[in-house]
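> So here's data28.cif (mmCIF, C-alpha atoms and all ligand atoms).
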```cif
data_start
loop_
_atom_site.label_atom_id
_atom_site.label_comp_id
_atom_site.auth_asym_id
_atom_site.auth_seq_id
_atom_site.Cartn_x
_atom_site.Cartn_y
_atom_site.Cartn_z
CA MET A 1 7.63 12.12 -7.48
CA ALA A 2 7.59 10.86 -11.10
CA VAL A 3 6.76 7.18 -11.60
CA THR A 4 7.76 4.96 -14.55
CA ALA A 5 6.36 1.53 -15.44
CA TYR A 6 7.82 -1.02 -17.84
CA ALA A 7 5.37 -3.59 -19.31
CA PRO A 8 6.79 -6.56 -21.27
CA ALA A 9 5.82 -7.92 -24.67
CA SER A 10 3.42 -10.85 -24.68
CA THR A 11 2.28 -13.66 -26.93
CA GLY A 12 -1.48 -14.16 -26.99
CA ASN A 13 -3.10 -17.55 -27.69
CA VAL A 14 0.19 -19.54 -27.55
CA SER A 15 -1.41 -21.58 -30.38
CA LEU A 16 -3.81 -23.59 -28.25
CA GLY A 17 -5.64 -21.07 -26.07
CA PHE A 18 -7.29 -18.55 -28.34
CA ASP A 19 -8.07 -15.41 -26.29
CA ILE A 20 -7.57 -17.26 -22.98
CA LEU A 21 -3.85 -18.06 -22.79
CA GLY A 22 -0.96 -15.59 -22.86
CA LEU A 23 2.75 -15.52 -22.10
CA ALA A 24 5.01 -12.61 -21.08
CA LEU A 25 8.42 -12.50 -22.78
CA ALA A 26 11.90 -11.22 -21.93
CA PRO A 27 14.86 -11.37 -24.36
CA ILE A 28 17.75 -13.34 -22.88
CA ASP A 29 20.27 -10.68 -23.97
CA GLY A 30 18.63 -8.23 -21.54
CA SER A 31 17.30 -5.91 -24.24
CA LEU A 32 14.02 -4.10 -23.61
CA LEU A 33 11.00 -5.66 -25.32
CA GLY A 34 8.15 -3.62 -23.92
CA ASP A 35 6.86 -0.07 -23.58
CA ARG A 36 7.70 2.31 -20.77
CA VAL A 37 5.29 4.94 -19.51
CA SER A 38 6.03 7.71 -17.01
CA VAL A 39 3.74 9.99 -15.07
CA VAL A 40 5.89 13.07 -14.53
CA GLU A 41 3.72 15.58 -12.67
CA GLU A 42 0.28 17.12 -12.40
CA THR A 43 -0.27 19.98 -14.88
CA GLN A 44 -2.92 22.36 -16.21
CA ALA A 45 -3.71 20.26 -19.28
CA PHE A 46 -3.01 16.60 -20.13
CA SER A 47 0.18 16.15 -22.19
CA LEU A 48 1.97 13.14 -23.67
CA GLU A 49 5.51 13.05 -25.04
CA ASN A 50 6.42 10.08 -27.27
CA SER A 51 9.87 8.59 -27.83
CA GLY A 52 11.31 5.18 -28.75
CA ARG A 53 11.91 3.15 -31.93
CA PHE A 54 8.21 2.94 -32.89
CA ALA A 55 7.03 6.36 -31.67
CA HIS A 56 6.69 7.59 -35.27
CA LYS A 57 3.89 5.04 -35.84
CA LEU A 58 1.73 6.46 -33.05
CA PRO A 59 -1.19 8.82 -33.70
CA GLU A 60 0.05 12.42 -33.67
CA ASP A 61 -2.86 13.68 -31.61
CA PRO A 62 -2.17 12.69 -27.97
CA THR A 63 -5.89 12.28 -27.33
CA GLN A 64 -5.91 9.49 -29.95
CA ASN A 65 -3.24 7.61 -28.02
CA ILE A 66 -4.54 4.78 -25.85
CA VAL A 67 -2.49 6.25 -23.00
CA TYR A 68 -4.92 9.17 -22.91
CA ASP A 69 -7.85 6.74 -22.63
CA CYS A 70 -5.99 5.08 -19.76
CA PHE A 71 -5.79 8.44 -18.02
CA LEU A 72 -9.53 8.99 -18.52
CA GLY A 73 -10.33 5.45 -17.35
CA PHE A 74 -8.15 5.85 -14.26
CA LYS A 75 -9.69 9.26 -13.48
CA ALA A 76 -13.19 7.73 -13.71
CA GLU A 77 -12.26 4.87 -11.34
CA MET A 78 -10.77 7.38 -8.90
CA ALA A 79 -13.92 9.49 -9.07
CA GLU A 80 -15.83 6.39 -7.89
CA LEU A 81 -13.58 6.48 -4.81
CA GLY A 82 -14.35 10.16 -4.37
CA ILE A 83 -10.87 11.24 -5.47
CA ASP A 84 -10.46 13.98 -8.08
CA VAL A 85 -7.51 13.40 -10.44
CA GLN A 86 -5.91 16.45 -12.08
CA PRO A 87 -4.47 16.43 -15.64
CA VAL A 88 -0.95 14.99 -15.77
CA LYS A 89 2.16 15.17 -17.91
CA MET A 90 2.99 11.69 -19.24
CA LYS A 91 5.77 10.14 -21.36
CA LEU A 92 5.55 7.04 -23.54
CA GLU A 93 8.63 5.16 -24.75
CA LYS A 94 7.15 3.12 -27.60
CA ASN A 95 9.43 0.11 -27.99
CA LEU A 96 6.91 -2.37 -29.40
CA PRO A 97 5.71 -2.11 -33.00
CA ILE A 98 2.00 -1.48 -33.47
CA GLY A 99 0.00 -4.37 -34.92
CA SER A 100 2.86 -6.79 -34.33
CA GLY A 101 1.21 -9.60 -32.39
CA LEU A 102 3.43 -8.79 -29.41
CA GLY A 103 0.73 -7.06 -27.40
CA SER A 104 1.83 -3.56 -28.31
CA SER A 105 -1.33 -1.72 -27.28
CA ALA A 106 -1.57 -3.96 -24.20
CA SER A 107 1.96 -2.95 -23.20
CA SER A 108 1.13 0.76 -23.42
CA ILE A 109 -2.15 0.26 -21.55
CA VAL A 110 -0.61 -1.81 -18.76
CA ALA A 111 2.40 0.49 -18.34
CA ALA A 112 0.18 3.60 -18.35
CA LEU A 113 -2.27 2.30 -15.74
CA ALA A 114 0.48 0.84 -13.55
CA ALA A 115 2.36 4.17 -13.67
CA LEU A 116 -0.79 6.20 -12.91
CA ASN A 117 -1.69 3.92 -10.01
CA GLY A 118 1.88 4.13 -8.68
CA PHE A 119 1.92 7.92 -9.01
CA TYR A 120 -1.20 8.19 -6.85
CA GLY A 121 0.02 5.74 -4.18
CA ASN A 122 -1.66 2.55 -5.48
CA PRO A 123 -5.32 3.28 -4.69
CA LEU A 124 -6.62 0.61 -7.14
CA ASN A 125 -6.01 -3.07 -6.44
CA SER A 126 -4.54 -5.42 -9.08
CA GLU A 127 -7.86 -7.06 -9.92
CA LEU A 128 -9.57 -3.74 -10.57
CA LEU A 129 -6.61 -2.51 -12.63
CA LEU A 130 -6.61 -5.69 -14.73
CA ARG A 131 -10.33 -5.34 -15.47
CA LEU A 132 -9.73 -1.76 -16.58
CA MET A 133 -6.79 -2.89 -18.75
CA GLY A 134 -9.00 -5.49 -20.44
CA LYS A 135 -11.71 -2.92 -21.06
CA LEU A 136 -9.25 -0.54 -22.73
CA GLU A 137 -7.73 -3.35 -24.83
CA GLY A 138 -11.27 -4.27 -25.93
CA GLN A 139 -11.82 -0.67 -27.01
CA ILE A 140 -9.00 -1.09 -29.56
CA SER A 141 -9.50 -4.62 -30.84
CA GLY A 142 -13.30 -4.72 -30.83
CA SER A 143 -13.80 -7.27 -28.02
CA ILE A 144 -12.41 -7.76 -24.52
CA HIS A 145 -9.64 -10.36 -24.35
CA TYR A 146 -7.11 -10.52 -21.53
CA ASP A 147 -4.48 -12.78 -23.13
CA ASN A 148 -2.05 -9.88 -23.63
CA VAL A 149 -2.85 -7.56 -20.71
CA ALA A 150 -2.86 -10.30 -18.04
CA PRO A 151 0.62 -11.78 -18.74
CA CYS A 152 1.98 -8.30 -19.47
CA PHE A 153 0.79 -7.11 -16.05
CA LEU A 154 1.29 -10.25 -13.95
CA GLY A 155 4.13 -11.99 -15.83
CA GLY A 156 4.44 -15.69 -16.68
CA LEU A 157 1.89 -17.86 -18.47
CA GLN A 158 -1.65 -16.79 -17.66
CA LEU A 159 -4.90 -18.66 -18.25
CA MET A 160 -8.05 -16.57 -18.24
CA LEU A 161 -10.58 -17.53 -15.63
CA GLU A 162 -12.70 -14.40 -15.86
CA SER A 163 -14.81 -15.10 -12.79
CA GLU A 164 -16.40 -12.29 -10.82
CA THR A 165 -13.51 -12.24 -8.38
CA GLN A 166 -10.49 -13.27 -10.46
CA ILE A 167 -9.52 -12.65 -14.08
CA SER A 168 -6.48 -14.85 -14.50
CA LEU A 169 -4.71 -17.98 -13.20
CA SER A 170 -0.95 -18.36 -13.27
CA LEU A 171 0.25 -21.62 -14.89
CA PRO A 172 3.61 -23.34 -14.39
CA THR A 173 6.17 -23.08 -17.22
CA PHE A 174 9.34 -24.95 -18.17
CA ASP A 175 12.50 -23.05 -17.16
CA ASP A 176 14.55 -24.72 -19.88
CA TRP A 177 12.37 -23.62 -22.81
CA TYR A 178 13.39 -20.71 -25.02
CA TRP A 179 10.84 -18.74 -27.02
CA VAL A 180 12.21 -17.44 -30.31
CA ILE A 181 10.09 -14.61 -31.65
CA CYS A 182 10.36 -12.92 -35.03
CA TYR A 183 8.45 -9.84 -36.10
CA SER A 184 8.35 -9.51 -39.90
CA GLY A 185 8.06 -5.72 -39.90
CA ALA A 186 4.58 -5.73 -41.45
CA SER A 187 1.57 -4.48 -39.49
CA VAL A 188 -1.54 -6.61 -38.94
CA SER A 189 -4.53 -4.96 -37.30
CA THR A 190 -5.88 -7.12 -34.48
CA ALA A 191 -9.45 -6.07 -35.29
CA ALA A 192 -8.97 -7.08 -38.96
CA ALA A 193 -7.32 -10.39 -38.01
CA ARG A 194 -10.34 -11.14 -35.80
CA GLU A 195 -12.81 -10.28 -38.56
CA ILE A 196 -11.47 -12.99 -40.87
CA LEU A 197 -12.18 -15.73 -38.32
CA PRO A 198 -15.42 -17.70 -38.58
CA ALA A 199 -18.27 -16.64 -36.29
CA GLN A 200 -18.91 -20.31 -35.45
CA TYR A 201 -16.77 -23.46 -35.30
CA ASP A 202 -17.81 -27.04 -35.98
CA LYS A 203 -18.10 -29.80 -33.39
CA ALA A 204 -14.80 -31.52 -34.27
CA THR A 205 -12.82 -28.28 -33.90
CA THR A 206 -14.49 -27.47 -30.60
CA ILE A 207 -13.68 -30.91 -29.19
CA GLU A 208 -10.08 -30.63 -30.40
CA PHE A 209 -9.68 -27.18 -28.82
CA GLY A 210 -10.98 -28.43 -25.44
CA ARG A 211 -8.89 -31.60 -25.56
CA GLN A 212 -5.67 -29.72 -26.33
CA LEU A 213 -6.09 -27.08 -23.68
CA ALA A 214 -7.08 -29.54 -20.95
CA VAL A 215 -4.22 -31.95 -21.71
CA PHE A 216 -1.74 -29.04 -22.00
CA VAL A 217 -2.63 -27.64 -18.56
CA ASP A 218 -2.42 -31.12 -17.03
CA ALA A 219 0.97 -31.72 -18.72
CA LEU A 220 2.29 -28.39 -17.39
CA HIS A 221 1.32 -29.33 -13.85
CA ARG A 222 2.93 -32.76 -14.19
CA GLY A 223 6.05 -31.35 -15.88
CA ASP A 224 5.51 -33.47 -18.99
CA ARG A 225 7.31 -31.37 -21.61
CA ALA A 226 6.79 -33.66 -24.59
CA LEU A 227 3.05 -33.99 -23.99
CA ALA A 228 2.62 -30.25 -23.43
CA ALA A 229 4.50 -29.42 -26.64
CA SER A 230 2.51 -31.95 -28.65
CA MET A 231 -0.73 -30.10 -27.78
CA MET A 232 0.46 -26.74 -29.13
CA LYS A 233 -1.42 -26.76 -32.42
CA ASP A 234 -3.73 -23.96 -33.44
CA VAL A 235 -7.08 -25.17 -34.78
CA VAL A 236 -8.89 -21.86 -34.25
CA ALA A 237 -6.93 -18.97 -35.80
CA GLU A 238 -3.88 -20.19 -37.71
CA PRO A 239 -5.77 -21.96 -40.51
CA TYR A 240 -7.38 -18.62 -41.41
CA ARG A 241 -4.63 -16.17 -40.48
CA LYS A 242 -1.54 -17.81 -41.91
CA SER A 243 -2.49 -16.69 -45.42
CA LEU A 244 -1.82 -13.12 -44.18
CA LEU A 245 1.78 -14.09 -43.37
CA ASN A 246 4.60 -14.33 -45.88
CA ASN A 247 6.75 -17.46 -45.65
CA PHE A 248 4.87 -18.90 -42.66
CA ASP A 249 4.90 -22.57 -43.74
CA ALA A 250 8.59 -22.51 -44.67
CA SER A 251 9.42 -20.87 -41.31
CA ARG A 252 7.55 -23.57 -39.44
CA ALA A 253 9.13 -26.35 -41.49
CA TYR A 254 12.65 -25.02 -40.85
CA SER A 255 12.02 -24.49 -37.11
CA LEU A 256 10.62 -27.99 -36.60
CA GLN A 257 13.48 -29.48 -38.60
CA GLN A 258 15.91 -27.72 -36.23
CA GLY A 259 14.17 -29.33 -33.27
CA ALA A 260 11.58 -26.71 -32.27
CA LEU A 261 8.93 -28.25 -30.01
CA ALA A 262 6.20 -26.00 -31.38
CA PHE A 263 5.78 -23.13 -33.84
CA GLY A 264 2.90 -20.71 -34.22
CA ILE A 265 1.54 -17.19 -34.65
CA SER A 266 2.05 -14.79 -31.77
CA GLY A 267 -1.34 -13.22 -31.04
CA SER A 268 -2.87 -11.99 -34.26
CA GLY A 269 0.52 -11.87 -36.03
CA PRO A 270 2.59 -11.20 -38.00
CA THR A 271 5.10 -12.16 -35.27
CA VAL A 272 5.75 -15.90 -35.14
CA PHE A 273 7.20 -17.90 -32.26
CA ALA A 274 9.09 -21.16 -31.85
CA ALA A 275 9.35 -22.98 -28.51
CA VAL A 276 12.78 -24.62 -28.26
CA ASP A 277 14.58 -26.47 -25.44
CA ASN A 278 18.11 -25.99 -26.80
CA LEU A 279 19.93 -22.64 -26.98
CA ASN A 280 21.99 -23.50 -30.08
CA ALA A 281 18.85 -24.48 -31.98
CA ALA A 282 17.08 -21.34 -30.71
CA ASN A 283 19.91 -19.13 -32.01
CA ASP A 284 19.95 -20.97 -35.31
CA ILE A 285 16.17 -20.56 -35.78
CA LYS A 286 16.45 -16.88 -34.86
CA SER A 287 19.14 -16.32 -37.54
CA TRP A 288 17.13 -18.17 -40.18
CA LEU A 289 13.98 -16.19 -39.40
CA GLU A 290 15.97 -12.94 -39.55
CA GLN A 291 17.07 -13.90 -43.06
CA ASN A 292 13.80 -15.38 -44.30
CA TYR A 293 10.84 -14.05 -42.32
CA ILE A 294 11.72 -10.38 -41.84
CA GLN A 295 10.42 -8.23 -44.69
CA ASN A 296 11.71 -4.75 -43.94
CA GLU A 297 13.85 -2.59 -41.63
CA ASN A 298 11.21 -2.63 -38.87
CA GLY A 299 11.51 -6.38 -38.31
CA PHE A 300 13.51 -8.07 -35.55
CA ALA A 301 13.99 -11.38 -33.79
CA HIS A 302 14.89 -12.31 -30.21
CA VAL A 303 15.56 -15.42 -28.21
CA CYS A 304 13.41 -14.99 -25.10
CA LYS A 305 12.54 -16.70 -21.88
CA VAL A 306 9.31 -16.31 -19.98
CA ASP A 307 9.17 -12.92 -18.24
CA THR A 308 8.09 -14.00 -14.78
CA ARG A 309 8.18 -10.51 -13.29
CA GLY A 310 5.51 -8.80 -15.37
CA THR A 311 5.16 -5.05 -15.02
CA GLN A 312 7.88 -3.22 -13.13
CA VAL A 313 7.04 0.10 -11.47
CA LEU A 314 9.82 2.43 -10.40
CA GLU A 315 9.79 5.78 -8.66
CA ASP A 316 12.16 8.08 -10.55
CA GLU A 317 15.13 9.59 -8.71
N1 LIG B 1 0.12 3.57 -27.32
C1 LIG B 1 -0.38 2.86 -28.32
N2 LIG B 1 0.18 1.67 -28.64
C2 LIG B 1 -0.31 0.93 -29.66
N3 LIG B 1 -1.35 1.30 -30.42
C3 LIG B 1 -1.93 2.48 -30.15
C4 LIG B 1 -1.48 3.29 -29.09
N4 LIG B 1 -2.27 4.38 -29.04
C5 LIG B 1 -3.17 4.26 -30.02
N5 LIG B 1 -2.98 3.13 -30.71
C6 LIG B 1 -3.79 2.69 -31.84
O1 LIG B 1 -4.41 1.45 -31.49
C7 LIG B 1 -4.45 0.58 -32.59
C8 LIG B 1 -3.73 -0.69 -32.20
O2 LIG B 1 -4.06 -1.65 -33.13
P1 LIG B 1 -3.89 -3.19 -32.90
O3 LIG B 1 -4.74 -3.64 -31.76
O4 LIG B 1 -4.05 -3.82 -34.22
O5 LIG B 1 -2.39 -3.24 -32.53
P2 LIG B 1 -1.61 -3.82 -31.34
O6 LIG B 1 -2.30 -3.82 -30.05
O7 LIG B 1 -0.36 -3.06 -31.46
O8 LIG B 1 -1.47 -5.28 -31.83
P3 LIG B 1 -0.73 -6.47 -31.19
O9 LIG B 1 -1.44 -6.86 -29.92
O10 LIG B 1 -0.95 -7.45 -32.27
O11 LIG B 1 0.67 -6.07 -30.98
C9 LIG B 1 -3.78 1.29 -33.75
O12 LIG B 1 -4.78 1.88 -34.54
C10 LIG B 1 -2.95 2.37 -33.08
O13 LIG B 1 -2.77 3.53 -33.86
N1 LIG B 2 -6.19 -13.39 -28.77
C1 LIG B 2 -6.04 -12.22 -29.59
C2 LIG B 2 -4.66 -11.65 -29.39
C3 LIG B 2 -4.38 -10.41 -30.19
O1 LIG B 2 -3.00 -10.05 -30.05
C4 LIG B 2 -6.25 -12.61 -31.04
O2 LIG B 2 -5.65 -13.59 -31.46
O3 LIG B 2 -7.01 -11.94 -31.74
#
```
What does the file become when written as structure tokens?
Ligand SMILES: Nc1ncnc2c1ncn2[C@@H]1O[C@H](COP(=O)(O)OP(=O)(O)OP(=O)(O)O)[C@@H](O)[C@H]1O
Ligand SMILES: N[C@@H](CCO)C(=O)O


Amino acid sequence: MAVTAYAPASTGNVSLGFDILGLALAPIDGSLLGDRVSVVEETQAFSLENSGRFAHKLPEDPTQNIVYDCFLGFKAEMAELGIDVQPVKMKLEKNLPIGSGLGSSASSIVAALAALNGFYGNPLNSELLLRLMGKLEGQISGSIHYDNVAPCFLGGLQLMLESETQISLSLPTFDDWYWVICYSGASVSTAAAREILPAQYDKATTIEFGRQLAVFVDALHRGDRALAASMMKDVVAEPYRKSLLNNFDASRAYSLQQGALAFGISGSGPTVFAAVDNLNAANDIKSWLEQNYIQNENGFAHVCKVDTRGTQVLEDE
């Protein structure tokens, strides 16, 4: 029976946890903000059919699509278990823009591997799947980082542990916070946005990074909203990346003036996010960003909450 998986958008870094903190997102209006991948049936030769708002941005050759690499990666893992996997017919509904900072490739990777695993009766455990997801994400961006694939797969706010037995730890979040996200419509390559960062950081920045992350995690566990929000300042990527983003400073200034608790770049951009604890302010910031941050017809904005469910796998009727 065909199996479909939905994998939500995610924000990597969340300003204060470069490469090791990520958040899954769900628009509060119920709209889909994530890719869907189906495994339809076994066939003679691998095939992939693309649909969705951003399908036209995908490589035309199916073997250049990361979903194909997911199939190969899954087949190799299954071979280790002594199981031979035949070519399959797959479908990708590409709802997330590529190079958006919303974990677009991660969403395709997670949905593809979750659907493949579901189709074959879940032979691979979650930990193994997540490692494979990270490996495939690393293939695209140049280095393995789990801050999109882990929240996309598991849901919620995830802190990377990356021990031999566990990749990610789930952190508590505040139910009353909204996350306004706005994608400008431009494309920023993750690999390029990583290249512009320094290879080394000075002592003061390193101490600041450690202080912020430690205090933030403690504040989350104690439910101290104000303290948590006050730690959400990016000392690692934003100083270098914001020059790639049109109208970033004005967007932050407006959001903070409207009462946003924090404002930053989602992943490697160009999507920005504002954390807000008031729905009216969240809607107001969304409207302003739609008017002032979006650059073309591909852009969009949503008021979101944390997606606590992560990837959803369904057997088709
Ligand atoms: N299914 C897919 N989804 C997204 N990108 C894909 C897919 N298949 C192949 N690619 C290629 O992978 C690369 C993705 O680039 P990049 O990592 O910058 O984007 P991204 O993962 O969409 O970014 P972000 O995490 O910021 O949303 C592009 O070159 C794109 O053509
Ligand atoms: N942590 C990654 C996320 C990419 O979406 C980066 O900022 O490069």

> For Phe153 in chain A, which residue out of A:Ala24, A:Cys304, A:Val276, A:Leu128 is the nearest one, using only C-alpha atoms?

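Result for the nearest residue to Phe153 in chain A: A:Ala24.
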
> Hey, which residues sit close to ligand LIG 2 (chain B)? Say within 9 Å, counting only C-alpha atoms and all ligand atoms, and write them as an NGL selection string.

:A and (10-14 or 17-22 or 99-106 or 141 or 145-148 or 189-194 or 237 or 265-269)

> Nearest residue to ligand LIG 1 (chain B) out of A:Asp218, A:Glu195, A:Glu290, A:Asp316, using only C-alpha atoms and all ligand atoms?

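Of A:Asp218, A:Glu195, A:Glu290, A:Asp316, the one nearest ligand LIG 1 (chain B), counting only C-alpha atoms and all ligand atoms, is A:Glu195.
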
> Which is closest to Ala114 in chain A among A:Tyr178, A:Gln312, A:Leu58, A:Gly30, if we use only C-alpha atoms?

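Once distances to Ala114 in chain A are computed over only C-alpha atoms, the minimum belongs to A:Gln312.
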
> With distances taken over only C-alpha atoms and all ligand atoms, which of A:Val85, A:Ala282, A:Ala7, A:Leu130 is nearest to ligand LIG 1 (chain B)?

A:Ala7
